[in-house]
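For reference, upload-v4.csv is printed below; it contains CSV, C-alpha atoms.
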chain,number,residue,atom,x,y,z
V,1,MET,CA,0.0,0.0,0.0
V,2,ALA,CA,1.4,3.4,-0.9
V,3,GLN,CA,2.3,5.8,1.8
V,4,ASN,CA,0.9,9.3,1.9
V,5,GLU,CA,2.9,12.3,3.0
V,6,PHE,CA,1.0,15.2,4.7
V,7,LYS,CA,1.8,18.8,5.2
V,8,LEU,CA,-0.5,21.2,7.1
V,9,GLU,CA,-0.3,25.0,7.0
V,10,GLY,CA,-2.5,27.4,8.9
V,11,VAL,CA,-3.2,31.1,9.1
V,12,ILE,CA,-5.3,32.7,11.9
V,13,ASN,CA,-8.3,34.6,10.8
V,14,GLY,CA,-9.0,37.1,13.5
V,15,ASP,CA,-10.0,35.6,16.9
V,16,ASP,CA,-12.4,32.9,15.8
V,17,SER,CA,-11.0,30.7,13.0
V,18,ILE,CA,-8.0,29.3,11.2
V,19,SER,CA,-7.7,28.8,7.5
V,20,PHE,CA,-5.8,25.5,6.8
V,21,THR,CA,-4.3,24.0,3.7
V,22,LEU,CA,-3.6,20.2,3.9
V,23,ARG,CA,-1.3,18.9,1.2
V,24,ILE,CA,-1.5,15.1,0.6
V,25,ALA,CA,1.3,13.8,-1.5
V,26,GLN,CA,1.2,10.2,-2.7
V,27,SER,CA,4.2,8.1,-3.6
V,28,CYS,CA,3.2,8.1,-7.2
V,29,CYS,CA,3.9,11.9,-7.4
V,30,HIS,CA,0.2,12.8,-7.3
V,31,ALA,CA,-0.6,15.6,-4.7
V,32,ARG,CA,-3.8,17.2,-3.6
V,33,ASN,CA,-4.4,20.4,-1.6
V,34,ILE,CA,-7.5,20.6,0.6
V,35,ASP,CA,-8.4,24.0,2.0
V,36,PHE,CA,-10.7,24.3,5.0
V,37,VAL,CA,-11.6,26.7,7.8
V,38,PHE,CA,-11.5,25.6,11.4
V,39,TYR,CA,-13.8,27.5,13.8
V,40,LEU,CA,-12.2,27.5,17.2
V,41,ALA,CA,-15.4,27.8,19.2
V,42,ARG,CA,-17.2,24.9,17.5
V,43,ASP,CA,-15.0,22.6,15.5
V,44,THR,CA,-12.8,19.7,16.6
V,45,ALA,CA,-10.1,17.9,14.7
V,46,GLN,CA,-12.4,14.8,14.7
V,47,SER,CA,-15.3,16.7,13.2
V,48,ILE,CA,-13.1,18.2,10.4
V,49,VAL,CA,-11.6,14.8,9.7
V,50,GLY,CA,-15.1,13.2,9.7
V,51,GLU,CA,-16.1,15.6,6.9
V,52,MET,CA,-13.0,14.6,4.9
V,53,VAL,CA,-13.9,10.9,5.0
V,54,ASP,CA,-16.6,11.5,2.4
V,55,GLN,CA,-14.3,13.4,0.1
V,56,LEU,CA,-10.9,11.7,0.4
V,57,ASP,CA,-9.8,8.1,0.0
V,58,LEU,CA,-7.6,7.7,3.1
V,59,SER,CA,-7.0,5.0,5.7
V,60,ASN,CA,-8.2,5.3,9.3
V,61,GLU,CA,-4.5,5.7,10.2
V,62,ASP,CA,-4.1,8.6,7.9
V,63,LEU,CA,-7.3,10.2,9.3
V,64,THR,CA,-6.0,9.8,12.8
V,65,PHE,CA,-2.7,11.3,11.8
V,66,ILE,CA,-4.4,14.3,10.2
V,67,ALA,CA,-6.5,14.9,13.3
V,68,GLU,CA,-3.3,15.0,15.4
V,69,LEU,CA,-1.7,17.4,12.9
V,70,ILE,CA,-4.6,19.7,13.1
V,71,ASP,CA,-4.6,19.7,16.9
V,72,SER,CA,-0.8,20.2,17.0
V,73,LEU,CA,-0.8,23.2,14.7
V,74,ILE,CA,-3.7,24.9,16.4
V,75,VAL,CA,-1.9,24.6,19.8
V,76,LYS,CA,1.1,26.3,18.1
V,77,LEU,CA,-1.0,29.1,16.6
V,78,VAL,CA,-3.4,29.5,19.6
V,79,PRO,CA,-1.5,28.5,22.8
V,80,ASN,CA,-4.6,28.7,25.1
V,81,TRP,CA,-6.6,26.3,22.9
V,82,LYS,CA,-7.1,22.8,24.3
V,83,PRO,CA,-6.9,20.0,21.7
V,84,SER,CA,-9.7,17.6,21.3
V,85,PHE,CA,-7.7,14.6,20.2
V,86,GLY,CA,-8.1,11.6,22.6
V,87,ASN,CA,-10.9,13.5,24.4
V,88,SER,CA,-13.7,13.0,21.9
V,89,ARG,CA,-16.4,12.2,24.5
V,90,SER,CA,-15.9,15.6,26.1
V,91,LYS,CA,-18.4,18.3,25.2
V,92,GLU,CA,-16.4,21.0,26.9
V,93,SER,CA,-15.3,24.2,25.2
V,94,PRO,CA,-12.1,23.8,23.2
V,95,TYR,CA,-10.8,26.7,25.3
V,96,GLY,CA,-10.9,24.4,28.4
V,97,ASP,CA,-13.3,26.4,30.5
V,98,GLN,CA,-13.0,25.3,34.1
V,99,LYS,CA,-16.0,24.5,36.2
V,100,GLY,CA,-16.3,24.6,39.9
Write-out of the structure in structure tokens:
Amino acid sequence: MAQNEFKLEGVINGDDSISFTLRIAQSCCHARNIDFVFYLARDTAQSIVGEMVDQLDLSNEDLTFIAELIDSLIVKLVPNWKPSFGNSRSKESPYGDQKG
């Protein structure tokens, strides 16, 4: 099975969203760019990847890796943002609001 290579770039749009470009390069020299907007207050990496499932022919391992890439880059761009990866059952704010 061919290995895919991924590159993710992001630019902050004001206070509430990030514009991402995901480049998927396949070993056969074919590459695709997928542009999407991540809304900090409502999106999760899993929700974005879930939307990609219908459009892209990728393995579950690739989708998991992409979700990790998204969370990792958001943390670099927005240091107070709390990643959703590994915490998909939580319905808390992505900003990690503390209760109690």
So what do you get for CA of Phe20 (chain V) versus CA of Ile70 (chain V), distance-wise?
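Result for CA of Phe20 (chain V) versus CA of Ile70 (chain V): 8.6 Å, one decimal.
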*Would you list the residues near (-9.8, 17.4, 12.3) (no more than 6 Å away, in the coordinates of the file, using all atoms listed in the file) as a ChimeraX atom specification?*
/V:44-49,67,70
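When only C-alpha atoms are used to measure the gap to Arg42 (chain V), the shortest distance among V:Cys28, V:Leu58, V:Ile18, V:Leu63 belongs to V:Ile18.
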Residue contacts of Ile12 (chain V) (10 Å, all atoms listed in the file) excluding same-chain residues fewer than 3 positions away, as a list in words =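 What passes the distance filter is Asp15, Asp16, Ser17, Ile18, Ser19, Phe20, Val37, Phe38, Ile74, Leu77 and Val78 of chain V.
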Given the choices V:Arg32, V:Lys82, V:Lys7, V:Arg23, which gets closest to Leu69 (chain V) if the distance is worked out from only C-alpha atoms?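 The shortest atom-to-atom distance to Leu69 (chain V) comes from V:Lys7.
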**Request:** Take CA of Lys76 (chain V) and CA of Ile34 (chain V) and report the distance between them in Å, one decimal.
**Result:**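 Those two atoms sit 20.3 Å apart.
Among the candidate residues V:Gln3, V:Gly14, V:Leu22, V:Trp81, the one lying nearest to Ile66 (chain V) is V:Leu22, with distances computed using all atoms listed in the file.
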Quick one: distance from CA of Ala41 (chain V) to CA of Asp54 (chain V) in Å, one decimal?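 Separating CA of Ala41 (chain V) from CA of Asp54 (chain V) is a distance of 23.4 Å.
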- Task: Tell me which of V:Leu56, V:Asn13, V:Thr64, V:Thr21 sits closest to Tyr39 (chain V), counting all atoms listed in the file.
- Result: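 Between V:Leu56, V:Asn13, V:Thr64, V:Thr21, the residue approaching Tyr39 (chain V) most closely is V:Asn13.
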